[in-house]
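Novice: You'll find final_36.cif just under this line, and it carries mmCIF, C-alpha atoms.
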```cif
data_upload
#
loop_
_atom_site.group_PDB
_atom_site.id
_atom_site.type_symbol
_atom_site.label_atom_id
_atom_site.label_comp_id
_atom_site.auth_asym_id
_atom_site.auth_seq_id
_atom_site.Cartn_x
_atom_site.Cartn_y
_atom_site.Cartn_z
ATOM 1 C CA MET Z 15 -9.221 -34.253 -35.179
ATOM 2 C CA ALA Z 16 -9.172 -30.843 -33.525
ATOM 3 C CA GLU Z 17 -9.303 -32.532 -30.118
ATOM 4 C CA ILE Z 18 -6.248 -34.673 -30.974
ATOM 5 C CA THR Z 19 -4.280 -31.572 -31.883
ATOM 6 C CA ALA Z 20 -5.375 -29.803 -28.719
ATOM 7 C CA VAL Z 21 -4.464 -32.787 -26.545
ATOM 8 C CA SER Z 22 -1.089 -33.055 -28.219
ATOM 9 C CA ALA Z 23 -0.360 -29.356 -27.651
ATOM 10 C CA LEU Z 24 -1.520 -29.532 -24.028
ATOM 11 C CA ARG Z 25 0.609 -32.615 -23.393
ATOM 12 C CA SER Z 26 3.656 -30.820 -24.788
ATOM 13 C CA ALA Z 27 2.993 -27.882 -22.490
ATOM 14 C CA LEU Z 28 2.610 -30.274 -19.553
ATOM 15 C CA ALA Z 29 5.937 -31.907 -20.411
ATOM 16 C CA ALA Z 30 7.584 -28.474 -20.524
ATOM 17 C CA GLU Z 31 6.074 -27.584 -17.145
ATOM 18 C CA ASP Z 32 7.319 -30.853 -15.629
ATOM 19 C CA ALA Z 33 10.806 -30.136 -16.943
ATOM 20 C CA ALA Z 34 10.647 -26.623 -15.489
ATOM 21 C CA ILE Z 35 9.572 -27.937 -12.075
ATOM 22 C CA TYR Z 36 12.539 -30.293 -12.053
ATOM 23 C CA GLY Z 37 14.938 -27.650 -13.367
ATOM 24 C CA TYR Z 38 13.948 -25.031 -10.812
ATOM 25 C CA GLY Z 39 14.760 -27.554 -8.122
ATOM 26 C CA VAL Z 40 18.305 -27.654 -9.466
ATOM 27 C CA ALA Z 41 18.592 -23.914 -10.109
ATOM 28 C CA GLY Z 42 17.162 -22.939 -6.725
ATOM 29 C CA ALA Z 43 19.947 -24.805 -4.929
ATOM 30 C CA HIS Z 44 22.498 -22.424 -6.468
ATOM 31 C CA LEU Z 45 20.613 -19.173 -5.863
ATOM 32 C CA THR Z 46 20.424 -16.983 -2.795
ATOM 33 C CA GLY Z 47 18.450 -14.032 -1.494
ATOM 34 C CA SER Z 48 15.816 -12.437 -3.707
ATOM 35 C CA ARG Z 49 16.730 -14.668 -6.630
ATOM 36 C CA GLN Z 50 16.110 -17.775 -4.593
ATOM 37 C CA VAL Z 51 12.755 -16.315 -3.576
ATOM 38 C CA ALA Z 52 11.979 -15.629 -7.237
ATOM 39 C CA ALA Z 53 12.946 -19.182 -8.168
ATOM 40 C CA GLN Z 54 10.685 -20.514 -5.439
ATOM 41 C CA GLN Z 55 7.782 -18.413 -6.727
ATOM 42 C CA ASP Z 56 8.382 -19.593 -10.295
ATOM 43 C CA TRP Z 57 8.572 -23.205 -9.123
ATOM 44 C CA GLU Z 58 5.183 -22.764 -7.439
ATOM 45 C CA ARG Z 59 3.745 -21.126 -10.574
ATOM 46 C CA HIS Z 60 4.836 -24.073 -12.684
ATOM 47 C CA ASN Z 61 3.325 -26.518 -10.208
ATOM 48 C CA LYS Z 62 -0.027 -24.722 -10.466
ATOM 49 C CA ALA Z 63 0.252 -24.685 -14.257
ATOM 50 C CA ARG Z 64 0.981 -28.416 -14.253
ATOM 51 C CA ASP Z 65 -2.209 -29.060 -12.262
ATOM 52 C CA THR Z 66 -4.221 -26.837 -14.601
ATOM 53 C CA LEU Z 67 -2.913 -28.578 -17.725
ATOM 54 C CA THR Z 68 -3.500 -32.003 -16.212
ATOM 55 C CA ALA Z 69 -7.124 -31.090 -15.495
ATOM 56 C CA MET Z 70 -7.577 -29.707 -19.011
ATOM 57 C CA ILE Z 71 -6.230 -32.897 -20.569
ATOM 58 C CA TYR Z 72 -8.536 -35.041 -18.438
ATOM 59 C CA ALA Z 73 -11.424 -32.786 -19.465
ATOM 60 C CA LEU Z 74 -10.701 -33.733 -23.070
ATOM 61 C CA SER Z 75 -11.008 -37.428 -22.088
ATOM 62 C CA ALA Z 76 -7.296 -37.971 -22.559
ATOM 63 C CA GLN Z 77 -4.444 -39.085 -20.334
ATOM 64 C CA PRO Z 78 -1.713 -36.638 -19.296
ATOM 65 C CA VAL Z 79 1.914 -37.555 -19.803
ATOM 66 C CA SER Z 80 3.793 -38.534 -16.654
ATOM 67 C CA ALA Z 81 6.722 -36.512 -15.429
ATOM 68 C CA GLN Z 82 10.132 -38.112 -15.770
ATOM 69 C CA ALA Z 83 12.161 -38.988 -12.708
ATOM 70 C CA PHE Z 84 15.228 -37.303 -14.146
ATOM 71 C CA TYR Z 85 15.852 -34.681 -16.835
ATOM 72 C CA SER Z 86 19.211 -34.101 -18.441
ATOM 73 C CA LEU Z 87 20.236 -30.471 -18.140
ATOM 74 C CA PRO Z 88 21.239 -28.503 -21.246
ATOM 75 C CA PHE Z 89 24.501 -27.418 -19.578
ATOM 76 C CA PRO Z 90 26.247 -27.862 -16.221
ATOM 77 C CA VAL Z 91 24.767 -25.831 -13.383
ATOM 78 C CA HIS Z 92 27.294 -25.071 -10.685
ATOM 79 C CA ASP Z 93 26.747 -21.449 -9.615
ATOM 80 C CA GLY Z 94 24.272 -18.586 -9.563
ATOM 81 C CA THR Z 95 25.020 -17.464 -13.116
ATOM 82 C CA SER Z 96 24.456 -20.872 -14.661
ATOM 83 C CA ALA Z 97 21.406 -21.366 -12.437
ATOM 84 C CA MET Z 98 19.869 -18.156 -13.813
ATOM 85 C CA ALA Z 99 20.724 -19.260 -17.346
ATOM 86 C CA LEU Z 100 18.981 -22.569 -16.669
ATOM 87 C CA ALA Z 101 15.887 -20.775 -15.386
ATOM 88 C CA ALA Z 102 15.784 -18.639 -18.541
ATOM 89 C CA TYR Z 103 16.229 -21.750 -20.677
ATOM 90 C CA LEU Z 104 13.366 -23.520 -18.906
ATOM 91 C CA GLU Z 105 11.033 -20.548 -19.265
ATOM 92 C CA GLU Z 106 11.819 -20.271 -22.962
ATOM 93 C CA GLY Z 107 10.882 -23.929 -23.376
ATOM 94 C CA VAL Z 108 7.596 -23.378 -21.574
ATOM 95 C CA THR Z 109 6.928 -20.278 -23.688
ATOM 96 C CA ARG Z 110 7.412 -22.243 -26.916
ATOM 97 C CA ALA Z 111 5.106 -24.995 -25.669
ATOM 98 C CA TYR Z 112 2.301 -22.545 -24.873
ATOM 99 C CA LEU Z 113 2.775 -20.830 -28.228
ATOM 100 C CA ALA Z 114 2.055 -24.185 -29.880
ATOM 101 C CA ILE Z 115 -1.341 -24.192 -28.152
ATOM 102 C CA VAL Z 116 -2.139 -20.876 -29.863
ATOM 103 C CA ALA Z 117 -2.126 -22.728 -33.203
ATOM 104 C CA VAL Z 118 -5.060 -24.996 -32.349
ATOM 105 C CA SER Z 119 -8.492 -24.124 -33.696
ATOM 106 C CA ASN Z 120 -10.244 -23.922 -30.332
ATOM 107 C CA GLN Z 121 -10.572 -20.247 -29.450
ATOM 108 C CA ARG Z 122 -10.494 -20.716 -25.680
ATOM 109 C CA LEU Z 123 -7.338 -22.773 -25.903
ATOM 110 C CA ARG Z 124 -5.746 -20.135 -28.109
ATOM 111 C CA ASP Z 125 -6.460 -17.480 -25.502
ATOM 112 C CA PHE Z 126 -5.228 -19.763 -22.739
ATOM 113 C CA GLY Z 127 -1.930 -20.414 -24.546
ATOM 114 C CA ALA Z 128 -1.408 -16.741 -25.359
ATOM 115 C CA VAL Z 129 -1.992 -15.588 -21.786
ATOM 116 C CA ALA Z 130 0.028 -18.433 -20.259
ATOM 117 C CA MET Z 131 3.041 -17.712 -22.441
ATOM 118 C CA GLN Z 132 3.098 -14.116 -21.205
ATOM 119 C CA GLY Z 133 3.915 -15.345 -17.698
ATOM 120 C CA SER Z 134 6.773 -17.553 -18.858
ATOM 121 C CA ALA Z 135 8.081 -14.870 -21.234
ATOM 122 C CA GLU Z 136 8.172 -12.390 -18.325
ATOM 123 C CA ALA Z 137 10.011 -14.905 -16.157
ATOM 124 C CA ALA Z 138 12.459 -15.659 -18.980
ATOM 125 C CA ALA Z 139 13.149 -11.930 -19.376
ATOM 126 C CA TYR Z 140 13.761 -11.641 -15.633
ATOM 127 C CA TRP Z 141 16.269 -14.498 -15.557
ATOM 128 C CA ARG Z 142 17.925 -13.515 -18.831
ATOM 129 C CA GLY Z 143 18.080 -9.854 -17.887
ATOM 130 C CA SER Z 144 16.615 -8.665 -21.195
ATOM 131 C CA THR Z 145 13.429 -8.833 -23.235
ATOM 132 C CA GLN Z 146 12.925 -10.406 -26.660
ATOM 133 C CA ALA Z 147 10.988 -9.151 -29.653
ATOM 134 C CA PHE Z 148 9.450 -12.536 -30.393
ATOM 135 C CA PRO Z 149 9.229 -14.820 -27.356
ATOM 136 C CA GLY Z 150 8.601 -18.418 -28.325
ATOM 137 C CA LEU Z 151 9.289 -17.856 -32.013
ATOM 138 C CA ASP Z 152 12.537 -18.388 -33.816
ATOM 139 C CA PRO Z 153 14.444 -15.105 -34.167
ATOM 140 C CA MET B 11 -18.492 -18.997 -103.823
ATOM 141 C CA PRO B 12 -22.164 -19.609 -103.107
ATOM 142 C CA ASP B 13 -21.423 -21.271 -99.754
ATOM 143 C CA ILE B 14 -19.714 -18.184 -98.368
ATOM 144 C CA LEU B 15 -22.981 -16.406 -97.575
ATOM 145 C CA PRO B 16 -24.434 -19.140 -95.380
ATOM 146 C CA ARG B 17 -21.217 -19.244 -93.367
ATOM 147 C CA ARG B 18 -21.276 -15.495 -92.795
ATOM 148 C CA ARG B 19 -24.907 -15.719 -91.741
ATOM 149 C CA THR B 20 -24.063 -18.443 -89.286
ATOM 150 C CA LEU B 21 -21.260 -16.382 -87.829
ATOM 151 C CA LEU B 22 -23.419 -13.284 -87.446
ATOM 152 C CA ALA B 23 -26.171 -15.280 -85.858
ATOM 153 C CA SER B 24 -23.772 -16.799 -83.369
ATOM 154 C CA ALA B 25 -22.400 -13.411 -82.396
ATOM 155 C CA ALA B 26 -25.870 -12.072 -81.844
ATOM 156 C CA THR B 27 -26.945 -15.089 -79.857
ATOM 157 C CA LEU B 28 -23.942 -15.228 -77.472
ATOM 158 C CA PRO B 29 -25.035 -12.439 -75.085
ATOM 159 C CA LEU B 30 -28.524 -13.934 -74.957
ATOM 160 C CA LEU B 31 -27.100 -17.342 -74.058
ATOM 161 C CA LEU B 32 -24.883 -15.812 -71.368
ATOM 162 C CA ALA B 33 -27.768 -13.871 -69.901
ATOM 163 C CA THR B 34 -29.900 -16.982 -69.822
ATOM 164 C CA ALA B 35 -27.109 -18.774 -67.960
ATOM 165 C CA GLY B 36 -26.848 -15.960 -65.408
ATOM 166 C CA CYS B 37 -23.404 -14.910 -66.573
ATOM 167 C CA ARG B 38 -21.925 -11.566 -67.499
ATOM 168 C CA SER B 39 -19.675 -11.266 -70.490
ATOM 169 C CA SER B 40 -16.650 -10.989 -68.230
ATOM 170 C CA ASP B 41 -17.403 -14.401 -66.712
ATOM 171 C CA VAL B 42 -16.411 -15.984 -69.973
ATOM 172 C CA PHE B 43 -12.833 -15.005 -69.244
ATOM 173 C CA THR B 44 -10.749 -16.082 -66.327
ATOM 174 C CA GLY B 45 -9.833 -13.480 -63.716
ATOM 175 C CA PRO B 46 -11.761 -10.831 -61.824
ATOM 176 C CA ASP B 47 -14.443 -8.711 -63.413
ATOM 177 C CA PRO B 48 -12.794 -5.396 -64.292
ATOM 178 C CA LEU B 49 -16.094 -3.642 -63.728
ATOM 179 C CA ALA B 50 -16.630 -5.052 -60.244
ATOM 180 C CA GLY B 51 -14.198 -2.663 -58.519
ATOM 181 C CA ARG B 52 -11.578 -3.466 -55.873
ATOM 182 C CA PRO B 53 -12.137 -6.888 -54.268
ATOM 183 C CA ARG B 54 -12.972 -6.955 -50.591
ATOM 184 C CA LEU B 55 -10.070 -7.545 -48.196
ATOM 185 C CA ALA B 56 -9.977 -10.895 -46.429
ATOM 186 C CA PRO B 57 -10.647 -10.862 -42.650
ATOM 187 C CA ASP B 58 -7.015 -11.749 -41.931
ATOM 188 C CA VAL B 59 -5.865 -8.750 -43.947
ATOM 189 C CA VAL B 60 -8.283 -6.382 -42.231
ATOM 190 C CA THR B 61 -7.059 -7.586 -38.834
ATOM 191 C CA LEU B 62 -3.427 -7.347 -39.872
ATOM 192 C CA VAL B 63 -3.847 -3.805 -41.147
ATOM 193 C CA ALA B 64 -5.388 -2.798 -37.818
ATOM 194 C CA VAL B 65 -2.582 -4.458 -35.846
ATOM 195 C CA ILE B 66 0.017 -2.698 -37.998
ATOM 196 C CA ALA B 67 -1.674 0.627 -37.341
ATOM 197 C CA ALA B 68 -1.681 -0.059 -33.592
ATOM 198 C CA GLU B 69 2.013 -0.976 -33.679
ATOM 199 C CA GLU B 70 2.800 2.227 -35.567
ATOM 200 C CA ASN B 71 0.895 4.146 -32.928
ATOM 201 C CA LEU B 72 2.882 2.485 -30.150
ATOM 202 C CA ILE B 73 6.154 3.325 -31.888
ATOM 203 C CA GLY B 74 4.972 6.921 -32.153
ATOM 204 C CA LEU B 75 4.385 7.003 -28.390
ATOM 205 C CA TYR B 76 7.900 5.724 -27.707
ATOM 206 C CA ARG B 77 9.428 8.289 -30.044
ATOM 207 C CA THR B 78 7.481 11.041 -28.341
ATOM 208 C CA ALA B 79 8.569 9.804 -24.910
ATOM 209 C CA LEU B 80 12.206 9.689 -25.984
ATOM 210 C CA ALA B 81 11.996 13.196 -27.378
ATOM 211 C CA SER B 82 10.346 14.639 -24.299
ATOM 212 C CA ASP B 83 11.565 15.491 -20.838
ATOM 213 C CA SER B 84 9.957 12.377 -19.442
ATOM 214 C CA ALA B 85 12.684 10.333 -21.121
ATOM 215 C CA ALA B 86 15.079 11.610 -18.465
ATOM 216 C CA THR B 87 13.717 9.168 -15.948
ATOM 217 C CA ALA B 88 15.460 6.268 -14.346
ATOM 218 C CA ARG B 89 14.013 3.921 -16.915
ATOM 219 C CA ALA B 90 14.871 6.084 -19.902
ATOM 220 C CA ARG B 91 17.828 3.869 -20.763
ATOM 221 C CA ASP B 92 15.461 0.990 -21.489
ATOM 222 C CA LEU B 93 13.281 2.884 -23.930
ATOM 223 C CA PRO B 94 15.539 2.679 -27.009
ATOM 224 C CA ALA B 95 15.781 -1.112 -26.619
ATOM 225 C CA LEU B 96 12.016 -1.461 -26.249
ATOM 226 C CA LEU B 97 11.445 0.844 -29.222
ATOM 227 C CA ALA B 98 13.818 -1.276 -31.309
ATOM 228 C CA GLN B 99 11.764 -4.379 -30.484
ATOM 229 C CA HIS B 100 8.562 -2.623 -31.536
ATOM 230 C CA GLU B 101 10.218 -1.708 -34.808
ATOM 231 C CA GLN B 102 11.028 -5.402 -35.248
ATOM 232 C CA HIS B 103 7.365 -6.204 -34.590
ATOM 233 C CA LEU B 104 6.318 -3.723 -37.247
ATOM 234 C CA THR B 105 8.768 -5.080 -39.807
ATOM 235 C CA ARG B 106 7.555 -8.633 -39.261
ATOM 236 C CA LEU B 107 3.896 -7.641 -39.341
ATOM 237 C CA ARG B 108 4.358 -5.682 -42.562
ATOM 238 C CA ALA B 109 6.141 -8.674 -44.097
ATOM 239 C CA GLN B 110 2.908 -10.664 -43.673
ATOM 240 C CA LEU B 111 0.976 -8.164 -45.750
ATOM 241 C CA ILE B 112 1.133 -7.937 -49.516
ATOM 242 C CA GLN B 113 -1.343 -5.401 -50.818
ATOM 243 C CA PRO B 114 -1.969 -4.112 -54.326
ATOM 244 C CA PRO B 115 0.132 -1.103 -55.317
ATOM 245 C CA GLY B 116 -1.489 2.145 -54.286
ATOM 246 C CA THR B 117 -3.053 0.744 -51.150
ATOM 247 C CA ALA B 118 -2.139 2.988 -48.246
ATOM 248 C CA THR B 119 -1.480 0.742 -45.267
ATOM 249 C CA ALA B 120 -1.023 3.543 -42.809
ATOM 250 C CA THR B 121 -4.330 5.147 -43.652
ATOM 251 C CA ALA B 122 -6.322 1.970 -44.065
ATOM 252 C CA SER B 123 -7.473 1.842 -40.483
ATOM 253 C CA PRO B 124 -6.082 4.594 -38.339
ATOM 254 C CA ARG B 125 -7.073 3.404 -34.903
ATOM 255 C CA PRO B 126 -6.960 5.891 -32.089
ATOM 256 C CA SER B 127 -4.747 4.697 -29.302
ATOM 257 C CA ALA B 128 -6.430 3.617 -26.121
ATOM 258 C CA THR B 129 -3.679 5.460 -24.306
ATOM 259 C CA ALA B 130 -4.156 8.700 -26.152
ATOM 260 C CA SER B 131 -6.321 9.950 -23.350
ATOM 261 C CA THR B 132 -3.724 9.112 -20.715
ATOM 262 C CA ALA B 133 -1.021 11.327 -22.148
ATOM 263 C CA ALA B 134 -1.186 14.844 -23.419
ATOM 264 C CA PRO B 135 -0.039 15.383 -27.011
ATOM 265 C CA GLY B 136 3.690 15.858 -27.162
ATOM 266 C CA ARG B 137 4.316 14.341 -23.757
ATOM 267 C CA VAL B 138 4.215 10.624 -23.008
ATOM 268 C CA THR B 139 5.048 9.355 -19.551
ATOM 269 C CA ILE B 140 6.442 5.995 -18.525
ATOM 270 C CA ALA B 141 3.042 5.226 -17.027
ATOM 271 C CA GLY B 142 1.478 6.052 -20.385
ATOM 272 C CA LEU B 143 3.832 3.681 -22.165
ATOM 273 C CA ARG B 144 3.100 0.980 -19.619
ATOM 274 C CA ALA B 145 -0.626 1.374 -20.188
ATOM 275 C CA ALA B 146 -0.116 1.343 -23.958
ATOM 276 C CA GLU B 147 1.868 -1.902 -23.741
ATOM 277 C CA ARG B 148 -0.856 -3.503 -21.628
ATOM 278 C CA THR B 149 -3.509 -2.360 -24.078
ATOM 279 C CA SER B 150 -1.503 -3.673 -27.002
ATOM 280 C CA ALA B 151 -0.973 -7.102 -25.421
ATOM 281 C CA ALA B 152 -4.652 -7.438 -24.551
ATOM 282 C CA GLY B 153 -5.721 -6.242 -28.000
ATOM 283 C CA LEU B 154 -3.539 -8.783 -29.760
ATOM 284 C CA VAL B 155 -4.918 -11.646 -27.686
ATOM 285 C CA ARG B 156 -8.472 -10.503 -28.508
ATOM 286 C CA ARG B 157 -7.672 -10.746 -32.215
ATOM 287 C CA LEU B 158 -6.510 -14.363 -32.124
ATOM 288 C CA ALA B 159 -9.940 -15.730 -32.968
ATOM 289 C CA THR B 160 -10.171 -14.285 -36.442
ATOM 290 C CA VAL B 161 -6.801 -15.157 -37.925
ATOM 291 C CA GLU B 162 -4.994 -18.198 -39.257
ATOM 292 C CA PRO B 163 -2.801 -20.213 -36.843
ATOM 293 C CA ALA B 164 0.554 -18.826 -38.023
ATOM 294 C CA LEU B 165 -0.630 -15.240 -37.724
ATOM 295 C CA ALA B 166 -2.219 -16.024 -34.341
ATOM 296 C CA GLN B 167 1.150 -17.259 -33.112
ATOM 297 C CA LEU B 168 2.862 -14.103 -34.315
ATOM 298 C CA PHE B 169 0.254 -11.972 -32.524
ATOM 299 C CA ALA B 170 0.637 -14.048 -29.344
ATOM 300 C CA SER B 171 4.414 -13.732 -29.452
ATOM 301 C CA ILE B 172 4.235 -9.964 -29.892
ATOM 302 C CA ALA B 173 1.692 -9.788 -27.071
ATOM 303 C CA ALA B 174 4.112 -11.699 -24.832
ATOM 304 C CA SER B 175 6.882 -9.289 -25.797
ATOM 305 C CA ASP B 176 4.623 -6.375 -24.898
ATOM 306 C CA ALA B 177 3.896 -8.038 -21.542
ATOM 307 C CA THR B 178 7.632 -8.229 -20.794
ATOM 308 C CA HIS B 179 7.903 -4.533 -21.665
ATOM 309 C CA VAL B 180 5.283 -3.755 -19.020
ATOM 310 C CA ALA B 181 7.546 -5.371 -16.425
ATOM 311 C CA VAL B 182 10.572 -3.400 -17.637
ATOM 312 C CA LEU B 183 8.542 -0.197 -17.382
ATOM 313 C CA GLY B 184 7.753 -0.971 -13.766
ATOM 314 C CA GLY B 185 4.417 -2.705 -14.144
#
```
Would you write the structure of this file as structure tokens?
Specialist:
Amino acid sequence: MAEITAVSALRSALAAEDAAIYGYGVAGAHLTGSRQVAAQQDWERHNKARDTLTAMIYALSAQPVSAQAFYSLPFPVHDGTSAMALAAYLEEGVTRAYLAIVAVSNQRLRDFGAVAMQGSAEAAAYWRGSTQAFPGLDP
Amino acid sequence: MPDILPRRRTLLASAATLPLLLATAGCRSSDVFTGPDPLAGRPRLAPDVVTLVAVIAAEENLIGLYRTALASDSAATARARDLPALLAQHEQHLTRLRAQLIQPPGTATATASPRPSATASTAAPGRVTIAGLRAAERTSAAGLVRRLATVEPALAQLFASIAASDATHVAVLGG
């Protein structure tokens, strides 16, 4: 039963990472200079995280969810400002997904989720331009 | 009238026998009643509560460092403008942590587990630098993650969220 919960949480995190990879592709096209470099670095970070999560799910004898070919965006992205807002939105989604992993009973997975969400919370703060008191939780 | 005496004898015998019966059954007199034994003293705190009290103390310590930094000359740095916002978020952490804790009246939360700050050695009393705050935030985030093992899922998520907030503070402070 614990394994089912862990697999479910890991699959949700994988889905969030896949969405972020797609979304950064959109956002990056509207960014320039150091922000485009930052978006590129975040895109690479999410790709690595996707591979890690995929391996973890296989290690639990389960099948990872496949990425979708297309994701609907939460709002139109047509300039640098909306691209940064999209990046923040994506990171917040990833943060929430990793926080769900913290609720499973497996201690190593809890630690993994807690550390992973720090990276996405930092990225969200960068793109948003401000920090939050409770990343991943409802205010 | 004659049958009154036997009844009284029966009653007295029962009263005398009750403690013996309880003792034979391994019970104390208080076990007959529901509720805690009034002679047993204060019940032990649950592990979650012990952890929460320690985390609250650490958060209070962190808030104290921020207040000291704001009151000192070091607050006149380029990043000083960020400190009030970060302090406000730590105060939100403390409020939410305290809301998880309901203790019996008379229990002093602040003195339950005064934990010396890991950053105390990095900053002289009365003066806290930005680097000291950064180190304190790192220590706090790491400490919260270490405590995830011993608490219930909902509390673990709150700790993880606060740890993530602390991690973002490190970045703001130039980490």
Novice: Listing only residues of chain Z within 9 Å of chain B, what is the closest atom pair and its distance in Å (to one decimal) for each, using all atoms listed in the file, sorted by chain and residue number ascending, as CSV?
Specialist:
```
residue,atom,partner,partner_atom,distance
Z:Leu113,CA,B:Gln167,CA,6.3
Z:Ala114,CA,B:Gln167,CA,7.7
Z:Ile115,CA,B:Gln167,CA,8.9
Z:Val116,CA,B:Gln167,CA,5.9
Z:Ala117,CA,B:Pro163,CA,4.5
Z:Val118,CA,B:Pro163,CA,6.9
Z:Ser119,CA,B:Pro163,CA,7.6
Z:Asn120,CA,B:Ala159,CA,8.6
Z:Gln121,CA,B:Ala159,CA,5.8
Z:Arg122,CA,B:Ala159,CA,8.8
Z:Arg124,CA,B:Leu158,CA,7.1
Z:Asp125,CA,B:Val155,CA,6.4
Z:Gly127,CA,B:Ala170,CA,8.4
Z:Ala128,CA,B:Ala170,CA,5.2
Z:Val129,CA,B:Val155,CA,7.7
Z:Met131,CA,B:Ala174,CA,6.6
Z:Gln132,CA,B:Ala174,CA,4.5
Z:Gly133,CA,B:Ala174,CA,8.0
Z:Ser134,CA,B:Ala174,CA,8.8
Z:Ala135,CA,B:Ala174,CA,6.2
Z:Glu136,CA,B:Thr178,CA,4.9
Z:Ala137,CA,B:Thr178,CA,8.5
Z:Ala139,CA,B:Thr178,CA,6.8
Z:Tyr140,CA,B:Thr178,CA,8.7
Z:Ser144,CA,B:Val182,CA,8.8
Z:Thr145,CA,B:Thr178,CA,6.3
Z:Gln146,CA,B:Ser175,CA,6.2
Z:Ala147,CA,B:Gln99,CA,4.9
Z:Phe148,CA,B:Ser171,CA,5.3
Z:Pro149,CA,B:Ser171,CA,5.4
Z:Gly150,CA,B:Ser171,CA,6.4
Z:Leu151,CA,B:Ser171,CA,6.9
```
Novice: Since I can't run it myself right now, could you work out what the PyMOL selection byres ((chain B and resi 52-60) around 8) selects here and report it as a list in words?
Specialist: Ala50, Gly51, Thr61, Leu62, Val63, Ala64, Leu111, Thr160, Val161 and Glu162 of chain B
Novice: If I take atom CA of Val91 of chain Z and atom CA of Val108 of chain Z, how far is one from the other in Å, to one decimal?
Specialist: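 Straight-line distance from atom CA of Val91 of chain Z to atom CA of Val108 of chain Z works out to 19.2 Å.
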Novice: Choose the residue, out of Z:Thr66, Z:Ser75, Z:Thr95, Z:Ser86, that has the smallest atom-to-atom separation from Ala27 of chain Z; count only C-alpha atoms.
Specialist: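 The answer is Z:Thr66, which sits nearest to Ala27 of chain Z.
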Novice: Any idea what the distance is between atom CA of Glu69 of chain B and atom CA of Leu93 of chain B?
Specialist: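 Calculated distance between atom CA of Glu69 of chain B and atom CA of Leu93 of chain B is 15.4 Å.
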Novice: So how far away is atom CA of Leu104 of chain B from atom CA of Phe126 of chain Z, in Å?
Specialist: 24.5 Å
Novice: Can you spell out as a list of chain:residue names the set of residues that the PyMOL selection byres ((chain Z and resi 47-59) around 10) selects in the structure I just provided?
Specialist: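 Applying the expression gives Z:Glu31, Z:Ala34, Z:Ile35, Z:Tyr36, Z:Gly37, Z:Tyr38, Z:Gly39, Z:Ala41, Z:Gly42, Z:Ala43, Z:His44, Z:Leu45, Z:Thr46, Z:His60, Z:Asn61, Z:Lys62, Z:Ala63, Z:Arg64, Z:Gly94, Z:Ala97, Z:Met98, Z:Ala101, Z:Glu105, Z:Gly133, Z:Ser134, Z:Ala137, Z:Tyr140, Z:Trp141.
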Novice: Take the PyMOL selection byres ((chain Z and resi 29) around 9), apply it to the structure above, and return the hits as an MDAnalysis selection string.
Specialist: chainID Z and resid 24:28 30:34 64 79:82 108 111
Novice: If I put a ball of radius 10 Å at (0.7, 0.2, -26.4) in the file's coordinates, which residues poke into it when counting only C-alpha atoms, written as a CSV table (one decimal) with C-alpha atoms, in the coordinates of the input?
Specialist:
```csv
chain,number,residue,atom,x,y,z
B,68,ALA,CA,-1.7,-0.1,-33.6
B,69,GLU,CA,2.0,-1.0,-33.7
B,70,GLU,CA,2.8,2.2,-35.6
B,71,ASN,CA,0.9,4.1,-32.9
B,72,LEU,CA,2.9,2.5,-30.2
B,73,ILE,CA,6.2,3.3,-31.9
B,74,GLY,CA,5.0,6.9,-32.2
B,75,LEU,CA,4.4,7.0,-28.4
B,76,TYR,CA,7.9,5.7,-27.7
B,100,HIS,CA,8.6,-2.6,-31.5
B,127,SER,CA,-4.7,4.7,-29.3
B,128,ALA,CA,-6.4,3.6,-26.1
B,129,THR,CA,-3.7,5.5,-24.3
B,130,ALA,CA,-4.2,8.7,-26.2
B,142,GLY,CA,1.5,6.1,-20.4
B,143,LEU,CA,3.8,3.7,-22.2
B,144,ARG,CA,3.1,1.0,-19.6
B,145,ALA,CA,-0.6,1.4,-20.2
B,146,ALA,CA,-0.1,1.3,-24.0
B,147,GLU,CA,1.9,-1.9,-23.7
B,148,ARG,CA,-0.9,-3.5,-21.6
B,149,THR,CA,-3.5,-2.4,-24.1
B,150,SER,CA,-1.5,-3.7,-27.0
B,151,ALA,CA,-1.0,-7.1,-25.4
B,152,ALA,CA,-4.7,-7.4,-24.6
B,153,GLY,CA,-5.7,-6.2,-28.0
B,176,ASP,CA,4.6,-6.4,-24.9
B,179,HIS,CA,7.9,-4.5,-21.7
B,180,VAL,CA,5.3,-3.8,-19.0
```
